[in-house]
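Novice: final.txt (compact mmCIF, C-alpha atoms) pasted underneath:
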# COMPACT_ATOMS: atom_id res chain seq x y z
CA MET A 1 18.94 -11.03 18.42
CA LYS A 2 21.88 -8.99 17.10
CA SER A 3 24.08 -10.21 14.27
CA GLY A 4 27.58 -11.03 15.44
CA SER A 5 26.54 -11.44 19.06
CA LEU A 6 26.41 -14.40 21.43
CA SER A 7 22.60 -14.42 21.21
CA GLU A 8 22.88 -15.73 17.64
CA TYR A 9 23.91 -19.04 19.18
CA PHE A 10 22.57 -18.91 22.75
CA GLN A 11 19.45 -16.93 23.58
CA HIS A 12 19.65 -17.65 27.31
CA VAL A 13 22.18 -19.36 29.54
CA ALA A 14 22.25 -20.50 33.15
CA TRP A 15 25.14 -21.94 35.14
CA LYS A 16 26.02 -23.48 38.47
CA PRO A 17 28.70 -25.66 40.03
CA LEU A 18 27.52 -29.24 40.41
CA SER A 19 26.83 -30.26 43.99
CA ALA A 20 27.52 -33.74 45.33
CA VAL A 21 23.80 -34.51 44.97
CA ASP A 22 23.80 -33.32 41.32
CA ALA A 23 26.85 -35.40 40.48
CA GLU A 24 25.41 -38.52 42.09
CA ALA A 25 21.92 -38.04 40.62
CA HIS A 26 22.56 -40.36 37.68
CA ARG A 27 23.34 -43.16 40.14
CA SER A 28 20.06 -42.68 41.99
CA HIS A 29 16.40 -42.73 40.96
CA GLN A 30 16.15 -38.93 41.01
CA HIS A 31 17.94 -38.02 37.77
CA GLU A 32 17.50 -34.31 38.35
CA PHE A 33 19.56 -31.16 38.77
CA GLY A 34 18.89 -29.17 41.94
CA GLY A 35 18.65 -25.45 42.64
CA VAL A 36 16.54 -24.79 39.52
CA GLY A 37 14.27 -21.99 40.77
CA LYS A 38 15.84 -19.28 38.61
CA LEU A 39 15.48 -21.40 35.47
CA ARG A 40 11.86 -20.24 35.20
CA ALA A 41 13.33 -17.05 33.69
CA ILE A 42 14.63 -19.01 30.69
CA LEU A 43 12.46 -22.14 30.55
CA GLY A 44 9.14 -20.51 31.43
CA ASP A 45 6.25 -21.59 33.65
CA ASP A 46 4.72 -24.23 31.41
CA ASP A 47 5.58 -27.91 31.75
CA ARG A 48 7.90 -29.09 28.96
CA ASN A 49 8.50 -32.81 28.59
CA GLU A 50 11.56 -34.20 26.83
CA ILE A 51 13.05 -31.01 25.39
CA PRO A 52 15.69 -32.09 22.81
CA THR A 53 19.06 -31.53 24.51
CA THR A 54 22.67 -31.97 23.44
CA PHE A 55 24.74 -33.08 26.43
CA ILE A 56 28.48 -32.29 26.23
CA TYR A 57 31.29 -33.11 28.65
CA LEU A 58 34.63 -31.31 28.26
CA ASN A 59 37.98 -31.49 29.99
CA ASP A 60 41.58 -30.64 29.10
CA ASP A 61 42.77 -34.22 28.62
CA ASP A 62 40.52 -35.65 25.91
CA PRO A 63 41.01 -34.38 22.35
CA GLU A 64 37.27 -34.57 21.62
CA PRO A 65 34.33 -33.82 23.94
CA LEU A 66 31.90 -36.54 24.99
CA GLN A 67 28.52 -35.85 23.43
CA GLU A 68 25.07 -37.41 23.43
CA VAL A 69 21.70 -36.10 22.24
CA ARG A 70 18.96 -36.88 24.81
CA TRP A 71 16.43 -34.66 26.59
CA LEU A 72 15.62 -32.56 29.64
CA SER A 73 12.14 -32.36 31.18
CA TRP A 74 10.94 -29.27 33.03
CA TYR A 75 7.76 -29.24 35.03
CA ASP A 76 6.01 -28.13 38.20
CA THR A 77 5.43 -31.10 40.49
CA ARG A 78 2.66 -29.11 42.23
CA ARG A 79 0.80 -28.15 39.06
CA LYS A 80 -2.32 -29.95 40.28
CA GLN A 81 -2.07 -28.42 43.75
CA PRO A 82 -3.09 -24.78 43.19
CA HIS A 83 -3.15 -24.07 46.92
CA ARG A 84 0.62 -24.70 47.10
CA SER A 85 3.48 -22.69 45.60
CA ALA A 86 5.17 -24.05 42.46
CA GLU A 87 7.99 -26.56 42.79
CA TYR A 88 9.85 -27.04 39.50
CA ARG A 89 12.13 -29.97 38.65
CA LEU A 90 14.64 -30.48 35.84
CA TYR A 91 14.94 -34.17 35.00
CA PHE A 92 17.39 -35.93 32.68
CA PRO A 93 17.95 -39.52 31.50
CA ASP A 94 21.09 -41.61 31.90
CA ASN A 95 23.77 -40.58 29.43
CA VAL A 96 27.53 -40.75 28.95
CA VAL A 97 27.99 -37.07 29.82
CA THR A 98 26.31 -37.10 33.24
CA ASP A 99 28.05 -40.42 33.96
CA ASN A 100 31.35 -38.49 33.85
CA ALA A 101 30.17 -35.56 35.98
CA ALA A 102 31.74 -34.92 39.36
CA GLU A 103 31.12 -32.57 42.26
CA GLY A 104 32.59 -29.13 41.49
CA ASP A 105 32.23 -29.43 37.72
CA LEU A 106 30.60 -26.51 35.92
CA LEU A 107 27.12 -27.06 34.48
CA ILE A 108 25.77 -24.68 31.85
CA ILE A 109 22.25 -24.91 30.44
CA GLY A 110 21.96 -23.00 27.17
CA VAL A 111 18.82 -22.24 25.17
CA ARG A 112 19.56 -22.32 21.43
CA PRO A 113 17.68 -20.13 18.90
CA ASP A 114 15.70 -23.20 17.74
CA ASP A 115 14.53 -23.68 21.35
CA THR A 116 16.56 -26.85 21.84
CA LEU A 117 18.94 -27.00 24.81
CA MET A 118 22.60 -27.66 25.44
CA ALA A 119 23.70 -29.11 28.77
CA ILE A 120 27.43 -28.45 29.00
CA ILE A 121 29.51 -29.95 31.79
CA ALA A 122 33.14 -28.83 32.13
CA GLU A 123 35.64 -30.37 34.51
CA GLY A 124 36.16 -28.19 37.56
CA GLY A 125 39.41 -26.21 37.53
CA SER A 126 40.08 -26.95 33.86
CA THR A 127 41.02 -24.51 31.12
CA ILE A 128 37.78 -25.19 29.25
CA GLU A 129 35.84 -24.31 32.41
CA GLN A 130 37.65 -20.96 32.60
CA GLN A 131 36.96 -20.35 28.91
CA LEU A 132 33.24 -21.01 29.31
CA LEU A 133 33.02 -18.78 32.39
CA TRP A 134 34.66 -15.99 30.40
CA LEU A 135 32.51 -16.54 27.29
CA PHE A 136 29.21 -16.40 29.16
CA GLY A 137 30.30 -13.80 31.71
CA ALA A 138 29.59 -16.26 34.50
CA ASN A 139 31.10 -14.64 37.57
CA ASP A 140 28.78 -15.83 40.34
CA LEU A 141 29.62 -19.39 41.44
CA LEU A 142 29.32 -18.87 45.18
CA HIS A 143 25.70 -19.88 45.74
CA PRO A 144 24.45 -23.41 45.02
CA GLY A 145 21.63 -22.54 42.61
CA PHE A 146 21.67 -21.44 38.98
CA SER A 147 22.60 -17.96 37.82
CA VAL A 148 20.88 -16.77 34.64
CA LYS A 149 21.71 -14.52 31.69
CA GLY A 150 18.97 -13.56 29.23
CA GLU A 151 18.94 -12.60 25.55
CA ILE A 152 19.29 -8.86 26.14
CA GLU A 153 22.55 -9.44 28.00
CA ALA A 154 23.74 -11.97 25.40
CA ASP A 155 23.06 -9.35 22.70
CA GLN A 156 25.71 -7.17 24.34
CA THR A 157 28.36 -9.90 24.07
CA ARG A 158 30.02 -9.32 20.70
CA LEU A 159 31.74 -12.30 19.15
CA GLU A 160 35.45 -11.82 18.61
CA PHE A 161 38.31 -14.20 17.97
CA ALA A 162 38.40 -15.71 21.47
CA SER A 163 34.64 -16.23 21.76
CA ARG A 164 34.42 -17.85 18.33
CA TYR A 165 37.27 -20.17 19.33
CA ILE A 166 35.39 -21.33 22.44
CA LEU A 167 32.10 -21.81 20.61
CA GLU A 168 33.86 -24.10 18.16
CA GLN A 169 35.03 -26.25 21.09
CA LEU A 170 31.33 -26.83 21.77
CA GLY A 171 30.71 -27.94 18.20
CA VAL A 172 28.79 -24.74 17.43
CA GLU A 173 29.19 -23.87 13.76
CA ILE A 174 30.04 -20.21 13.25
CA GLU A 175 27.99 -18.94 10.33
CA GLU A 176 30.18 -16.06 9.15
CA GLU A 177 31.28 -16.27 5.53
CA ALA A 178 32.82 -14.05 2.85
CA PRO A 179 30.79 -14.93 -0.29
CA SER A 180 32.30 -12.09 -2.32
CA PHE A 181 35.61 -14.01 -2.38
CA LEU A 182 34.15 -17.40 -3.35
CA GLU A 183 34.33 -17.06 -7.12
CA ALA A 184 37.91 -15.79 -6.97
CA MET A 185 38.95 -18.69 -4.72
CA LEU A 186 37.31 -21.31 -6.92
CA ASP A 187 39.08 -19.87 -9.94
CA ARG A 188 42.46 -19.52 -8.27
CA PHE A 189 42.45 -22.95 -6.63
CA ASP A 190 40.72 -24.81 -9.46
CA GLY A 191 37.74 -25.72 -7.30
CA LYS A 192 39.86 -27.62 -4.75
CA PHE A 193 41.44 -27.11 -1.35
CA PRO A 194 44.92 -25.60 -1.86
CA SER A 195 47.99 -26.26 0.28
CA THR A 196 48.04 -24.45 3.62
CA ARG A 197 50.92 -22.23 2.48
CA ASP A 198 49.08 -21.19 -0.68
CA PHE A 199 45.90 -20.46 1.21
CA SER A 200 47.70 -18.42 3.88
CA SER A 201 49.41 -16.41 1.16
CA TYR A 202 46.06 -15.76 -0.52
CA ALA A 203 44.50 -14.65 2.77
CA ARG A 204 47.28 -12.07 3.22
CA GLU A 205 46.80 -10.80 -0.34
CA THR A 206 43.11 -10.10 0.29
CA LEU A 207 44.02 -7.64 3.03
CA GLY A 208 45.52 -5.27 0.48
CA ASP A 209 47.94 -2.58 1.60
CA ILE A 210 47.42 -2.87 5.36
CA ASP A 211 50.79 -2.49 7.12
CA LEU A 212 50.57 -5.69 9.14
CA ALA A 213 54.15 -5.44 10.38
CA ALA A 214 53.36 -2.19 12.22
CA ASP A 215 51.60 -4.08 15.03
CA PRO A 216 52.51 -7.79 15.24
CA ASP A 217 49.96 -8.43 17.99
CA GLU A 218 47.07 -7.21 15.88
CA ALA A 219 48.54 -8.70 12.70
CA VAL A 220 48.34 -12.25 14.07
CA ILE A 221 44.65 -11.85 14.92
CA VAL A 222 43.75 -10.09 11.66
CA LEU A 223 45.53 -12.70 9.55
CA MET A 224 43.99 -15.66 11.37
CA GLU A 225 40.50 -14.13 11.28
CA ARG A 226 40.77 -13.44 7.56
CA GLU A 227 42.04 -16.93 6.75
CA GLU A 228 39.38 -18.53 8.95
CA ILE A 229 36.45 -16.79 7.26
CA LEU A 230 37.85 -17.44 3.78
CA PHE A 231 38.45 -21.09 4.56
CA ARG A 232 34.96 -21.47 6.02
CA THR A 233 33.50 -19.95 2.86
CA LEU A 234 35.41 -22.26 0.53
CA GLU A 235 34.87 -25.31 2.72
CA ARG A 236 31.11 -24.83 2.93
CA HIS A 237 30.87 -24.60 -0.85
CA LEU A 238 33.06 -27.64 -1.57
CA ILE A 239 31.47 -29.76 1.16
CA GLY A 240 28.01 -28.78 -0.09
CA ASP A 241 28.89 -30.02 -3.58
CA ARG A 242 30.21 -33.31 -2.18
CA LEU A 243 27.14 -33.88 0.00
CA GLN A 244 24.85 -33.14 -2.92
CA ALA A 245 26.64 -35.80 -4.97
CA GLY A 246 25.87 -38.36 -2.25
CA PHE A 247 27.70 -41.44 -1.01
CA ASP A 248 27.46 -45.07 -2.09
CA GLU A 249 28.33 -46.47 1.33
CA VAL A 250 28.03 -45.31 4.93
CA ASP A 251 31.78 -45.89 5.33
CA ASP A 252 32.40 -43.42 2.50
CA PHE A 253 30.46 -40.75 4.36
CA ILE A 254 32.31 -41.48 7.62
CA LYS A 255 35.68 -41.23 5.86
CA PHE A 256 34.64 -37.95 4.28
CA SER A 257 33.45 -36.56 7.62
CA LEU A 258 36.73 -37.51 9.31
CA SER A 259 38.74 -35.92 6.51
CA VAL A 260 36.81 -32.65 7.02
CA GLN A 261 37.53 -32.66 10.76
CA ASN A 262 41.20 -33.53 10.32
CA ARG A 263 41.66 -30.82 7.70
CA ARG A 264 40.21 -28.21 10.04
CA LYS A 265 42.50 -29.21 12.90
CA SER A 266 45.73 -29.39 10.93
CA ARG A 267 45.00 -26.23 8.95
CA ALA A 268 44.64 -23.98 12.00
CA GLY A 269 48.09 -24.83 13.36
CA SER A 270 49.74 -24.62 9.95
CA ALA A 271 48.07 -21.30 9.19
CA LEU A 272 49.41 -19.75 12.40
CA GLU A 273 52.95 -20.93 11.62
CA ASN A 274 52.65 -19.70 8.01
CA HIS A 275 51.63 -16.21 9.06
CA LEU A 276 54.28 -16.01 11.78
CA GLU A 277 57.00 -17.09 9.34
CA TRP A 278 55.89 -14.35 6.94
CA LEU A 279 55.67 -11.78 9.75
CA PHE A 280 59.14 -12.58 11.10
CA GLY A 281 60.50 -12.18 7.58
CA ARG A 282 58.83 -8.79 7.16
CA LEU A 283 60.32 -7.71 10.48
CA GLN A 284 63.78 -8.90 9.35
CA LEU A 285 64.09 -11.37 12.19
CA ARG A 286 66.36 -14.29 11.43
CA ALA A 287 64.66 -17.59 12.13
CA ASP A 288 64.52 -21.18 10.91
CA ARG A 289 61.18 -22.94 10.85
CA THR A 290 61.04 -26.54 12.18
CA PRO A 291 64.81 -27.06 12.37
CA VAL A 292 66.17 -30.33 13.74
CA THR A 293 67.84 -30.17 17.18
CA GLU A 294 68.81 -32.86 19.70
CA GLY A 295 67.14 -36.24 19.36
CA LYS A 296 65.53 -35.18 16.07
CA ALA A 297 63.30 -32.72 17.94
CA LYS A 298 61.82 -30.00 15.72
CA PRO A 299 60.97 -26.74 17.48
CA ASP A 300 58.63 -24.57 15.44
CA PHE A 301 60.98 -21.57 15.27
CA LEU A 302 64.60 -21.11 16.26
CA PHE A 303 66.19 -17.63 16.39
CA PRO A 304 68.58 -16.63 14.89
CA GLY A 305 68.75 -20.06 13.26
CA THR A 306 70.13 -23.59 13.12
CA SER A 307 73.75 -22.64 12.44
CA ALA A 308 73.91 -20.36 15.47
CA TYR A 309 72.27 -23.00 17.65
CA ALA A 310 74.74 -25.68 16.47
CA ASP A 311 77.73 -23.39 17.11
CA PRO A 312 78.97 -24.08 20.69
CA THR A 313 80.68 -20.67 20.73
CA PHE A 314 77.43 -18.77 20.03
CA PRO A 315 76.16 -17.23 23.30
CA VAL A 316 73.22 -19.30 24.54
CA GLU A 317 71.60 -16.21 26.03
CA LEU A 318 71.15 -14.85 22.50
CA LEU A 319 69.23 -17.93 21.30
CA THR A 320 65.43 -17.99 21.31
CA MET A 321 63.18 -20.99 20.83
CA LEU A 322 59.48 -20.52 20.02
CA GLY A 323 56.87 -23.26 20.06
CA VAL A 324 53.61 -22.52 18.23
CA LYS A 325 50.29 -24.16 19.02
CA SER A 326 46.98 -22.64 18.00
CA SER A 327 45.48 -24.50 20.97
CA CYS A 328 47.41 -25.90 23.91
CA LYS A 329 45.46 -28.27 26.16
CA ASP A 330 48.16 -30.48 27.71
CA ARG A 331 50.29 -30.49 24.54
CA TRP A 332 52.32 -27.50 25.71
CA ARG A 333 54.63 -29.87 27.59
CA GLN A 334 55.93 -31.17 24.25
CA VAL A 335 57.76 -27.87 23.83
CA LEU A 336 59.88 -28.54 26.92
CA ALA A 337 61.75 -31.36 25.14
CA GLU A 338 62.80 -29.21 22.18
CA ALA A 339 66.08 -27.26 21.88
CA ASP A 340 67.99 -28.51 24.95
CA ARG A 341 70.53 -25.66 24.86
CA ILE A 342 67.79 -23.17 25.67
CA ASP A 343 66.47 -23.36 29.24
CA ASP A 344 63.91 -20.55 29.02
CA LYS A 345 61.51 -21.37 26.19
CA HIS A 346 58.61 -19.48 24.62
CA LEU A 347 55.23 -20.78 23.43
CA LEU A 348 52.89 -18.73 21.25
CA THR A 349 49.23 -19.76 21.29
CA LEU A 350 45.81 -18.40 20.43
CA GLU A 351 44.02 -20.25 23.21
CA PRO A 352 42.11 -17.91 25.51
CA SER A 353 41.78 -18.17 29.28
CA ILE A 354 44.11 -21.07 30.07
CA SER A 355 43.63 -22.12 33.70
CA GLY A 356 45.80 -20.70 36.45
CA ALA A 357 47.02 -24.18 37.37
CA GLN A 358 48.38 -24.64 33.85
CA THR A 359 50.06 -21.24 33.62
CA ASP A 360 51.58 -21.71 37.10
CA GLU A 361 53.14 -24.95 35.92
CA MET A 362 54.42 -23.23 32.77
CA GLN A 363 56.19 -20.67 34.92
CA GLN A 364 57.69 -23.41 37.07
CA ARG A 365 58.94 -25.16 33.93
CA ARG A 366 60.47 -21.90 32.60
CA LEU A 367 58.07 -21.71 29.67
CA GLN A 368 56.91 -18.21 28.76
CA LEU A 369 53.40 -18.02 27.25
CA VAL A 370 53.01 -15.56 24.36
CA LEU A 371 49.62 -14.38 23.08
CA PRO A 372 48.34 -11.53 20.91
CA ARG A 373 47.53 -8.64 23.20
CA ARG A 374 43.80 -8.80 22.42
CA LEU A 375 43.59 -12.24 24.06
CA HIS A 376 45.20 -11.14 27.33
CA GLN A 377 41.83 -9.82 28.56
CA THR A 378 40.51 -13.39 28.77
CA TYR A 379 43.03 -14.17 31.54
CA SER A 380 42.98 -13.16 35.20
CA THR A 381 44.75 -9.99 36.34
CA LYS A 382 47.46 -12.07 37.99
CA GLN A 383 48.06 -14.04 34.80
CA GLN A 384 48.13 -10.91 32.65
CA ASP A 385 51.05 -9.55 34.67
CA TRP A 386 53.10 -12.55 33.48
CA LEU A 387 51.87 -13.01 29.90
CA MET A 388 54.02 -11.80 27.02
CA SER A 389 52.62 -10.14 23.89
CA VAL A 390 53.79 -10.83 20.35
CA ASN A 391 55.23 -7.30 20.21
CA GLN A 392 57.31 -8.01 23.32
CA LEU A 393 58.57 -11.27 21.83
CA VAL A 394 59.60 -9.43 18.66
CA ASP A 395 61.47 -6.83 20.71
CA ILE A 396 63.37 -9.54 22.63
CA VAL A 397 64.36 -11.41 19.47
CA ARG A 398 65.46 -8.18 17.77
CA GLU A 399 67.56 -7.12 20.78
CA ARG A 400 69.30 -10.48 20.85
CA GLN A 401 69.85 -10.41 17.10
CA ASP A 402 71.39 -6.92 17.33
CA ALA A 403 73.57 -8.00 20.26
CA ALA A 404 74.89 -10.87 18.13
CA GLY A 405 75.77 -8.42 15.36
CA LEU A 406 73.46 -10.08 12.84
Please lay out the structure from this file as structure tokens.

Specialist:
Amino acid sequence: MKSGSLSEYFQHVAWKPLSAVDAEAHRSHQHEFGGVGKLRAILGDDDRNEIPTTFIYLNDDDPEPLQEVRWLSWYDTRRKQPHRSAEYRLYFPDNVVTDNAAEGDLLIIGVRPDDTLMAIIAEGGSTIEQQLLWLFGANDLLHPGFSVKGEIEADQTRLEFASRYILEQLGVEIEEEAPSFLEAMLDRFDGKFPSTRDFSSYARETLGDIDLAADPDEAVIVLMEREEILFRTLERHLIGDRLQAGFDEVDDFIKFSLSVQNRRKSRAGSALENHLEWLFGRLQLRADRTPVTEGKAKPDFLFPGTSAYADPTFPVELLTMLGVKSSCKDRWRQVLAEADRIDDKHLLTLEPSISGAQTDEMQQRRLQLVLPRRLHQTYSTKQQDWLMSVNQLVDIVRERQDAAGL
């Protein structure tokens, strides 16, 4: 197991598209997944009853995945018939995840380092399915049985920004921290969580004299990676102290847990906007952040600003509207209702491998997707031809700003 590789979190993985029989299994007395022959490579030859398993169902519509901890059982039904070849079965109990499964969904069985399992089901054709296929390098979906990837192959899969993002969608806690910064953060922020602006500013300071403005594409990734690891370090320390203090009531613990989750979600989006605002300033691009346009809509960034947008004599072709969402799902459509004067809108995201169906619809709706160049590799070749990089966005905004004489 190599540090910083996929094998830190999944030692072995296997995947297959669910067949009609698989999807209907929970409604019958079989309760088993078919085509399991190749699973002997990751589950072994010995019978294993009720292996602790986390079942997860993901799609693009629900904000949180369905999850239930149950079990999988693996055994040879011909164990007591030595004259016959082995016939292995993979059984599962009723659960909310398999109840939502449908033919064509993606099933992934993952072996965790503690030898427990994850049974991940992703809606067929969804963005999260594409992300999981990319993360695990699952290219073979043509035959009905499982395909398998072992630990040696997983050791070669280095974790970068996109892969860490996808693992977090599965509820997998990334263990990277920066302990050398902890004491300085506790002193600077008085042992509390600071505002998102203050924390983003601190994250930039820790990068020293790096010329981030020289490559906006790389700057966005570097800044978000640095803030993420610093935040994770501070959060783990502060949460640890709170858990050690204990809770008087169960409701107090639930409220605390929800506050942790909500802070994580809101911080990621705010951090991205904070760093972009700083980067645009360094690049001398004129922009207003969250200005008010028609119907009290608030686009994330408006170039060259509110006054130009409100001026009916300002050429509309020199206006640029940028929505910012660290993750899209179906929320990208919200951007379409912002800044009515501008027909061709831009959306900057950090979400890897959005499905082709979604990006096709974006094109039809005249919404240009913008991502840091490093994330383009997670998309298909056809999609990459259409994607815009942060550098390209900067060039467009600068050209329009120069044309306006600003």

Novice: Find the residues near Asp45 (chain A): any atom within 12 Å, counting all atoms listed in the file, skip ones fewer than 2 places away on the same chain, and give them as a list in words.

Specialist: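 Residues near the query, excluding close chain neighbours: Gly37, Lys38, Leu39, Arg40, Ala41, Ile42, Leu43, Asp47, Arg48, Trp74, Tyr75, Asp76, Thr77, Arg78, Arg79, Ala86, Glu87, Tyr88 and Arg89 of chain A.
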
Novice: Do you know which residues are at most 9 Å from Pro179 (chain A) counting all atoms listed in the file, after dropping those on the same chain fewer than 5 positions away, and could you put them as a PyMOL selection string?

Specialist: chain A and resi 230+233-234

Novice: Which residues, protein or nucleic acid, reach to within 10 Å of (40.5, -15.9, 8.6) in the file's coordinates when using only C-alpha atoms, and can you give that as a ChimeraX atom specification?

Specialist: /A:161,177-178,200,203-204,221-233,268,271

Novice: Using all atoms listed in the file, pick whichever of A:Ile210, A:Gly137, A:Arg366, A:Pro216 has the shortest atom-to-atom distance to Asn391 (chain A).

Specialist: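 Nearest to Asn391 (chain A): A:Pro216.
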
Novice: Within 10 Å of region 373-388 of chain A, which residues of region 153-210 of chain A show up? Give each one with its shortest atom-to-atom distance in Å (one decimal) and the two atoms involved, counting all atoms listed in the file, rows by chain then rising residue number, as JSON lines.

Specialist:
{"residue": "A:Glu160", "atom": "CA", "partner": "A:Arg374", "partner_atom": "CA", "distance": 9.7}
{"residue": "A:Phe161", "atom": "CA", "partner": "A:Leu375", "partner_atom": "CA", "distance": 8.3}
{"residue": "A:Ala162", "atom": "CA", "partner": "A:Leu375", "partner_atom": "CA", "distance": 6.8}
{"residue": "A:Ser163", "atom": "CA", "partner": "A:Thr378", "partner_atom": "CA", "distance": 9.6}

Novice: Would you export the selected residues with C-alpha atoms as a CSV table (one decimal), keeping the file's coordinate frame, please?

Specialist:
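File produced: again.csv:
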chain,number,residue,atom,x,y,z
A,160,GLU,CA,35.4,-11.8,18.6
A,161,PHE,CA,38.3,-14.2,18.0
A,162,ALA,CA,38.4,-15.7,21.5
A,163,SER,CA,34.6,-16.2,21.8

Novice: Mind running region 218-306 of chain A against region 341-356 of chain A at 10 Å and telling me each contacting residue's nearest atom pair with the distance in Å (one decimal), counting all atoms listed in the file, chain and number ascending, as a tab-separated table?

Specialist:
residue	atom	partner	partner_atom	distance
A:Val220	CA	A:Leu350	CA	9.2
A:Ile221	CA	A:Leu350	CA	8.6
A:Met224	CA	A:Leu350	CA	9.6
A:Gly269	CA	A:Thr349	CA	9.5
A:Leu272	CA	A:Thr349	CA	8.9
A:Glu273	CA	A:Leu348	CA	9.9
A:Leu276	CA	A:Leu348	CA	10.0
A:Thr293	CA	A:Arg341	CA	9.3
A:Glu294	CA	A:Arg341	CA	9.0
A:Asp300	CA	A:Leu347	CA	9.5
A:Phe301	CA	A:His346	CA	9.9

Novice: Considering all atoms listed in the file, state which residue in the set A:Glu361, A:Glu129, A:Asp115, A:Glu235 is at the smallest distance from Phe193 (chain A).

Specialist: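 Looking only at the distances to Phe193 (chain A), the closest residue turns out to be A:Glu235.
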
Novice: Separation of CA of Gly240 (chain A) and CA of Ser266 (chain A), in Å?

Specialist: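 CA of Gly240 (chain A) sits 20.9 Å away from CA of Ser266 (chain A).
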